Amino acid sequence: MDIRSIIAPVIQDREAMEEFAEALDDRAPEVERDVARLKKTPTDRELVADLFRTVHNIKGDASLCKFELAVAIAHPIETLLARFREGALPFSDLLAELILLAIDRLELATNGLLSGKSLDNLKLLALIQGLDRLASASTEEIEALGSKLIEDVTGFRPVAGNVSGRTPRTTTQRNESIETANDLNFFRSLAQQLENRSPLFKGRTMRILRLAQETNKANGSPVDPAQLEAAVYIHDIGMMLLPESIWLKVGRLTDDDKLELRNHPGLAAGVLQRMPGWEGAAEIVSQHHEMPDGGGYPGKLETQAICPGAKILAIVDAFEAVMLKHIHRGKNRSVLRAIAEINACDNQFAPEWITPFNNVIRKTIET
């Protein structure tokens with residue numbers, strides 16, 4: 001295979017590529033569902049056959065539209081599943097994670113190509129070379145090679161753990177006035193009202209708060225902790241001022257839906273702007289969807305104009321969103337795949353905050 005088709009793939013037939021992407025949207029959840037079931041009942045031969053067939057169909061779809069990158073990803077997975085089906089390879093949590101990581105990368109690459117985004121950060125060459133080595137590796141080599149592949153692609157070792165379900169051990173220690181404490185309690189109650197609107201939101205506020213606080217601390221605490229805490233509580237409150245049919249929508253948003261959603265940072269920031277002492281939090285909230293390259297909203301600010309607190313909140317909020325992404329289709333997204341997706345989002349996040357955030361995640365999953 002031409003290495004350029006992996007490093008810099010091109011769309012040869014856009015209509016065929018769009019059809020592949022649509023089919024992948026249907027097939028990827030099937031892979032995730034069957035992998036989850038196989039982890040519970042690895043001897044279910046019908047499940048094995050279903051999973052093999054789905055991956056085979058993904059490869060077939062890719063061949064039809066001459067998408068060599070997808071063929072290169074799907075083929076070694078198919079080989080591994082064939083070995084498992086024949087009893088030559090045991091099914092393990094590591095193998096499950098590798099399959100899901102590969103499918104995630106394929107989805108990101110497909111969507112990135114169609115939207116004209118750079119694929120440099122997806123580590124596609126490392127992924128495919130690692131999958132090829134695994135496909136022909138002995139049973140004894142699988143664990144070491146699989147672990148290395150995950151670390152090469154995500155930057156993290158495959159250590160058990162899930163930060164998404166943990167709650168903070170302690171609240172940030174600070175000397176604050178009774179008035180500040182009362183304000184924060186009020187903001188927290190508003191966040192709780194938002195969480196109550198959907199079971200998917202349960203616990204999200206405290207997960208985001210912990211990650212934001214620890215990321216800030218890991219980088220020397222340049223953001224006032226109380227302002228950051230208030231921003232975490234309020235940043236999505238503007239959603240409740242929009243039609244529920246939009247912000248609680250399951251599935252794809254229309255262009256009009258997306259335009260409407262872009263109003264929520266300003267609405268939420270307006271709440272804080274009208275309360276003395278919370279100007280810093282208001283700025284964080286208003287800017288938390290801005291991007292360093294000027295591609296964000298609502299102000300299309302570039303990196304120098306975005307405050308540090310907004311840069312932190314953008315990362316941790318996106319991480320939480322990735323963990324919940326496609327949950328309606330039964331997706332069980334691991335922390336490793338979520339953090340890998342965040343790191344692969346070229347130009348979306350401030351690079352000076354990615355390393356501290358990675359360090360926080362690494363410390364969490366390795367303890």
# chains A, B, ... in the order shown; residues from 1 in each chain; ligands from 1

$ residues_around --residues "region 263-267 of chain A" --least-positions-apart "2" --cutoff "10 Å" --atoms "only C-alpha atoms" --output "list in words"
Ile234, His235, Asp236, Ile237, Gly238, Met239, Met240, Leu241, Leu242, Trp247, Lys258, Leu259, Glu260, Leu261, Ala269, Gly270, Val271, Leu272, Ala282, Glu283, Ile284, Val285, Ser286, Gln287, His288, His289, Tyr297 and Pro298 of chain A

$ write_last_selection --atoms "N, CA and C atoms" --output "PDB file, in the first residue's frame"
ATOM      1  N   ILE A 234     -21.743  27.603  35.969  1.00  0.00           N
ATOM      2  CA  ILE A 234     -22.665  28.428  35.184  1.00  0.00           C
ATOM      3  C   ILE A 234     -22.519  28.242  33.673  1.00  0.00           C
ATOM      4  N   HIS A 235     -21.410  27.646  33.206  1.00  0.00           N
ATOM      5  CA  HIS A 235     -21.084  27.746  31.780  1.00  0.00           C
ATOM      6  C   HIS A 235     -22.159  27.215  30.833  1.00  0.00           C
ATOM      7  N   ASP A 236     -22.968  26.262  31.275  1.00  0.00           N
ATOM      8  CA  ASP A 236     -24.011  25.719  30.392  1.00  0.00           C
ATOM      9  C   ASP A 236     -25.420  26.116  30.815  1.00  0.00           C
ATOM     10  N   ILE A 237     -25.539  27.014  31.792  1.00  0.00           N
ATOM     11  CA  ILE A 237     -26.862  27.415  32.257  1.00  0.00           C
ATOM     12  C   ILE A 237     -27.667  28.065  31.145  1.00  0.00           C
ATOM     13  N   GLY A 238     -26.953  28.731  30.215  1.00  0.00           N
ATOM     14  CA  GLY A 238     -27.649  29.344  29.089  1.00  0.00           C
ATOM     15  C   GLY A 238     -28.450  28.345  28.265  1.00  0.00           C
ATOM     16  N   MET A 239     -28.080  27.058  28.336  1.00  0.00           N
ATOM     17  CA  MET A 239     -28.824  26.020  27.613  1.00  0.00           C
ATOM     18  C   MET A 239     -30.290  26.001  28.044  1.00  0.00           C
ATOM     19  N   MET A 240     -30.526  26.246  29.348  1.00  0.00           N
ATOM     20  CA  MET A 240     -31.891  26.154  29.861  1.00  0.00           C
ATOM     21  C   MET A 240     -32.775  27.296  29.359  1.00  0.00           C
ATOM     22  N   LEU A 241     -32.146  28.293  28.734  1.00  0.00           N
ATOM     23  CA  LEU A 241     -32.910  29.399  28.159  1.00  0.00           C
ATOM     24  C   LEU A 241     -33.192  29.176  26.680  1.00  0.00           C
ATOM     25  N   LEU A 242     -32.742  28.037  26.166  1.00  0.00           N
ATOM     26  CA  LEU A 242     -33.001  27.661  24.779  1.00  0.00           C
ATOM     27  C   LEU A 242     -34.064  26.570  24.743  1.00  0.00           C
ATOM     28  N   TRP A 247     -31.246  21.485  22.802  1.00  0.00           N
ATOM     29  CA  TRP A 247     -30.091  21.105  23.609  1.00  0.00           C
ATOM     30  C   TRP A 247     -30.220  19.737  24.273  1.00  0.00           C
ATOM     31  N   LYS A 258     -27.416  24.360  15.504  1.00  0.00           N
ATOM     32  CA  LYS A 258     -26.066  24.765  15.909  1.00  0.00           C
ATOM     33  C   LYS A 258     -25.973  26.271  16.099  1.00  0.00           C
ATOM     34  N   LEU A 259     -26.618  27.029  15.219  1.00  0.00           N
ATOM     35  CA  LEU A 259     -26.615  28.490  15.360  1.00  0.00           C
ATOM     36  C   LEU A 259     -27.304  28.907  16.651  1.00  0.00           C
ATOM     37  N   GLU A 260     -28.412  28.258  16.963  1.00  0.00           N
ATOM     38  CA  GLU A 260     -29.146  28.570  18.187  1.00  0.00           C
ATOM     39  C   GLU A 260     -28.307  28.254  19.431  1.00  0.00           C
ATOM     40  N   LEU A 261     -27.607  27.118  19.397  1.00  0.00           N
ATOM     41  CA  LEU A 261     -26.787  26.718  20.544  1.00  0.00           C
ATOM     42  C   LEU A 261     -25.652  27.696  20.808  1.00  0.00           C
ATOM     43  N   ALA A 269     -23.030  33.901  30.548  1.00  0.00           N
ATOM     44  CA  ALA A 269     -22.132  34.958  31.026  1.00  0.00           C
ATOM     45  C   ALA A 269     -22.925  36.156  31.510  1.00  0.00           C
ATOM     46  N   GLY A 270     -24.064  36.433  30.878  1.00  0.00           N
ATOM     47  CA  GLY A 270     -24.890  37.564  31.291  1.00  0.00           C
ATOM     48  C   GLY A 270     -25.374  37.451  32.723  1.00  0.00           C
ATOM     49  N   VAL A 271     -25.607  36.221  33.179  1.00  0.00           N
ATOM     50  CA  VAL A 271     -26.015  36.012  34.574  1.00  0.00           C
ATOM     51  C   VAL A 271     -24.910  36.480  35.511  1.00  0.00           C
ATOM     52  N   LEU A 272     -23.665  36.090  35.223  1.00  0.00           N
ATOM     53  CA  LEU A 272     -22.539  36.443  36.086  1.00  0.00           C
ATOM     54  C   LEU A 272     -22.176  37.929  35.984  1.00  0.00           C
ATOM     55  N   ALA A 282     -17.421  35.406  34.446  1.00  0.00           N
ATOM     56  CA  ALA A 282     -18.210  35.771  33.268  1.00  0.00           C
ATOM     57  C   ALA A 282     -17.352  35.703  32.000  1.00  0.00           C
ATOM     58  N   GLU A 283     -16.108  36.181  32.098  1.00  0.00           N
ATOM     59  CA  GLU A 283     -15.208  36.142  30.945  1.00  0.00           C
ATOM     60  C   GLU A 283     -14.899  34.698  30.546  1.00  0.00           C
ATOM     61  N   ILE A 284     -14.662  33.849  31.534  1.00  0.00           N
ATOM     62  CA  ILE A 284     -14.385  32.436  31.257  1.00  0.00           C
ATOM     63  C   ILE A 284     -15.562  31.802  30.523  1.00  0.00           C
ATOM     64  N   VAL A 285     -16.757  32.035  31.042  1.00  0.00           N
ATOM     65  CA  VAL A 285     -17.953  31.437  30.455  1.00  0.00           C
ATOM     66  C   VAL A 285     -18.182  31.938  29.034  1.00  0.00           C
ATOM     67  N   SER A 286     -18.035  33.225  28.827  1.00  0.00           N
ATOM     68  CA  SER A 286     -18.316  33.792  27.502  1.00  0.00           C
ATOM     69  C   SER A 286     -17.340  33.296  26.448  1.00  0.00           C
ATOM     70  N   GLN A 287     -16.130  32.876  26.874  1.00  0.00           N
ATOM     71  CA  GLN A 287     -15.086  32.498  25.919  1.00  0.00           C
ATOM     72  C   GLN A 287     -14.819  30.998  25.837  1.00  0.00           C
ATOM     73  N   HIS A 288     -15.552  30.166  26.566  1.00  0.00           N
ATOM     74  CA  HIS A 288     -15.139  28.765  26.677  1.00  0.00           C
ATOM     75  C   HIS A 288     -15.363  27.954  25.400  1.00  0.00           C
ATOM     76  N   HIS A 289     -16.004  28.546  24.390  1.00  0.00           N
ATOM     77  CA  HIS A 289     -16.112  27.882  23.084  1.00  0.00           C
ATOM     78  C   HIS A 289     -15.265  28.573  22.016  1.00  0.00           C
ATOM     79  N   TYR A 297     -16.503  30.360  18.824  1.00  0.00           N
ATOM     80  CA  TYR A 297     -17.609  31.319  18.906  1.00  0.00           C
ATOM     81  C   TYR A 297     -17.795  31.734  20.364  1.00  0.00           C
ATOM     82  N   PRO A 298     -18.463  32.855  20.650  1.00  0.00           N
ATOM     83  CA  PRO A 298     -19.193  33.711  19.710  1.00  0.00           C
ATOM     84  C   PRO A 298     -18.341  34.819  19.078  1.00  0.00           C
TER      85      PRO A 298
END

$ residues_around --residues "Ala135 (chain A)" --least-positions-apart "2" --cutoff "8 Å" --atoms "only C-alpha atoms" --output "VMD selection string"
chain A and resid 76 to 77 79 to 80 131 to 133 137

$ write_last_selection --atoms "C-alpha atoms" --output "PDB file, in the first residue's frame"
ATOM      1  CA  PRO A  76      -5.758  -6.491  10.641  1.00  0.00           C
ATOM      2  CA  ILE A  77      -8.769  -6.286  12.975  1.00  0.00           C
ATOM      3  CA  THR A  79      -7.424 -11.044  10.950  1.00  0.00           C
ATOM      4  CA  LEU A  80      -7.323 -10.845  14.754  1.00  0.00           C
ATOM      5  CA  LEU A 131      -2.299  -3.386  14.092  1.00  0.00           C
ATOM      6  CA  ASP A 132      -0.329  -5.156  11.360  1.00  0.00           C
ATOM      7  CA  ARG A 133       2.220  -6.369  13.915  1.00  0.00           C
ATOM      8  CA  ALA A 137       1.965 -11.794  16.538  1.00  0.00           C
TER       9      ALA A 137
END

$ residues_around --residues "Arg197 (chain A)" --least-positions-apart "4" --cutoff "10 Å" --atoms "only C-alpha atoms" --output "number ranges by chain"
A: 192-193, 201-202, 240, 244, 248

$ residues_around --residues "Arg83 (chain A)" --least-positions-apart "2" --cutoff "12 Å" --atoms "only C-alpha atoms" --output "PyMOL selection string"
chain A and resi 48-49+52+76-81+85-91+95+134-139

$ residues_around --residues "Glu107 (chain A)" --least-positions-apart "6" --cutoff "9 Å" --atoms "only C-alpha atoms" --output "MDAnalysis selection string"
chainID A and resid 21 24:25 28

$ atom_distance --atom1 "CA of Asp183 (chain A)" --atom2 "CA of Tyr233 (chain A)"
10.8 Å

$ residues_around --residues "Asp224 (chain A)" --least-positions-apart "5" --cutoff "9 Å" --atoms "only C-alpha atoms" --output "list in words"
Asn216, Glu229, Gly280 and Gly309 of chain A

$ select_by_dssp --residues "region 20-185 of chain A" --states "helix (DSSP H, G or I)" --output "MDAnalysis selection string"
chainID A and resid 20:40 45:64 68:85 93:115 120:122 124:136 139:154 163:165 178:185

$ atom_distance --atom1 "CA of Arg14 (chain A)" --atom2 "CA of Leu100 (chain A)"
25.8 Å

$ residues_around --residues "Val31 (chain A)" --least-positions-apart "5" --cutoff "9 Å" --atoms "only C-alpha atoms" --output "ChimeraX atom specification"
/A:36,50-52,54-55,99-100,103

$ write_last_selection --atoms "N, CA and C atoms" --output "JSON list (two decimals), in the first residue's frame"
[["chain", "number", "residue", "atom", "x", "y", "z"],
["A", 36, "ALA", "N", -18.73, -5.07, 23.65],
["A", 36, "ALA", "CA", -19.19, -5.03, 25.04],
["A", 36, "ALA", "C", -19.80, -6.36, 25.47],
["A", 50, "ASP", "N", -20.97, -12.21, 14.36],
["A", 50, "ASP", "CA", -21.57, -10.89, 14.08],
["A", 50, "ASP", "C", -20.50, -9.81, 14.02],
["A", 51, "LEU", "N", -19.57, -9.84, 14.99],
["A", 51, "LEU", "CA", -18.52, -8.82, 15.03],
["A", 51, "LEU", "C", -17.60, -8.94, 13.82],
["A", 52, "PHE", "N", -17.23, -10.18, 13.49],
["A", 52, "PHE", "CA", -16.38, -10.40, 12.31],
["A", 52, "PHE", "C", -17.07, -9.88, 11.05],
["A", 54, "THR", "N", -19.36, -7.56, 10.76],
["A", 54, "THR", "CA", -19.44, -6.09, 10.72],
["A", 54, "THR", "C", -18.12, -5.48, 10.28],
["A", 55, "VAL", "N", -17.01, -5.97, 10.85],
["A", 55, "VAL", "CA", -15.69, -5.45, 10.46],
["A", 55, "VAL", "C", -15.41, -5.76, 9.00],
["A", 99, "ILE", "N", -9.64, -2.84, 19.45],
["A", 99, "ILE", "CA", -10.65, -2.79, 18.39],
["A", 99, "ILE", "C", -11.42, -1.48, 18.44],
["A", 100, "LEU", "N", -11.85, -1.09, 19.65],
["A", 100, "LEU", "CA", -12.62, 0.14, 19.79],
["A", 100, "LEU", "C", -11.79, 1.38, 19.47],
["A", 103, "ILE", "N", -11.56, 1.64, 15.67],
["A", 103, "ILE", "CA", -12.80, 2.12, 15.07],
["A", 103, "ILE", "C", -13.00, 3.60, 15.35]]

$ atom_distance --atom1 "CA of Asn359 (chain A)" --atom2 "CA of Glu151 (chain A)"
14.3 Å

$ closest_residue --among "A:Asp104, A:Glu140, A:Asp93, A:Glu341" --to "Ala70 (chain A)" --atoms "only C-alpha atoms"
A:Asp104

$ closest_residue --among "A:Ala226, A:Lys300, A:Ala16, A:Lys59" --to "Leu106 (chain A)" --atoms "only C-alpha atoms"
A:Lys59

$ closest_residue --among "A:Ser118, A:Asn347, A:Ser63, A:Thr364" --to "Ile7 (chain A)" --atoms "only C-alpha atoms"
A:Ser118
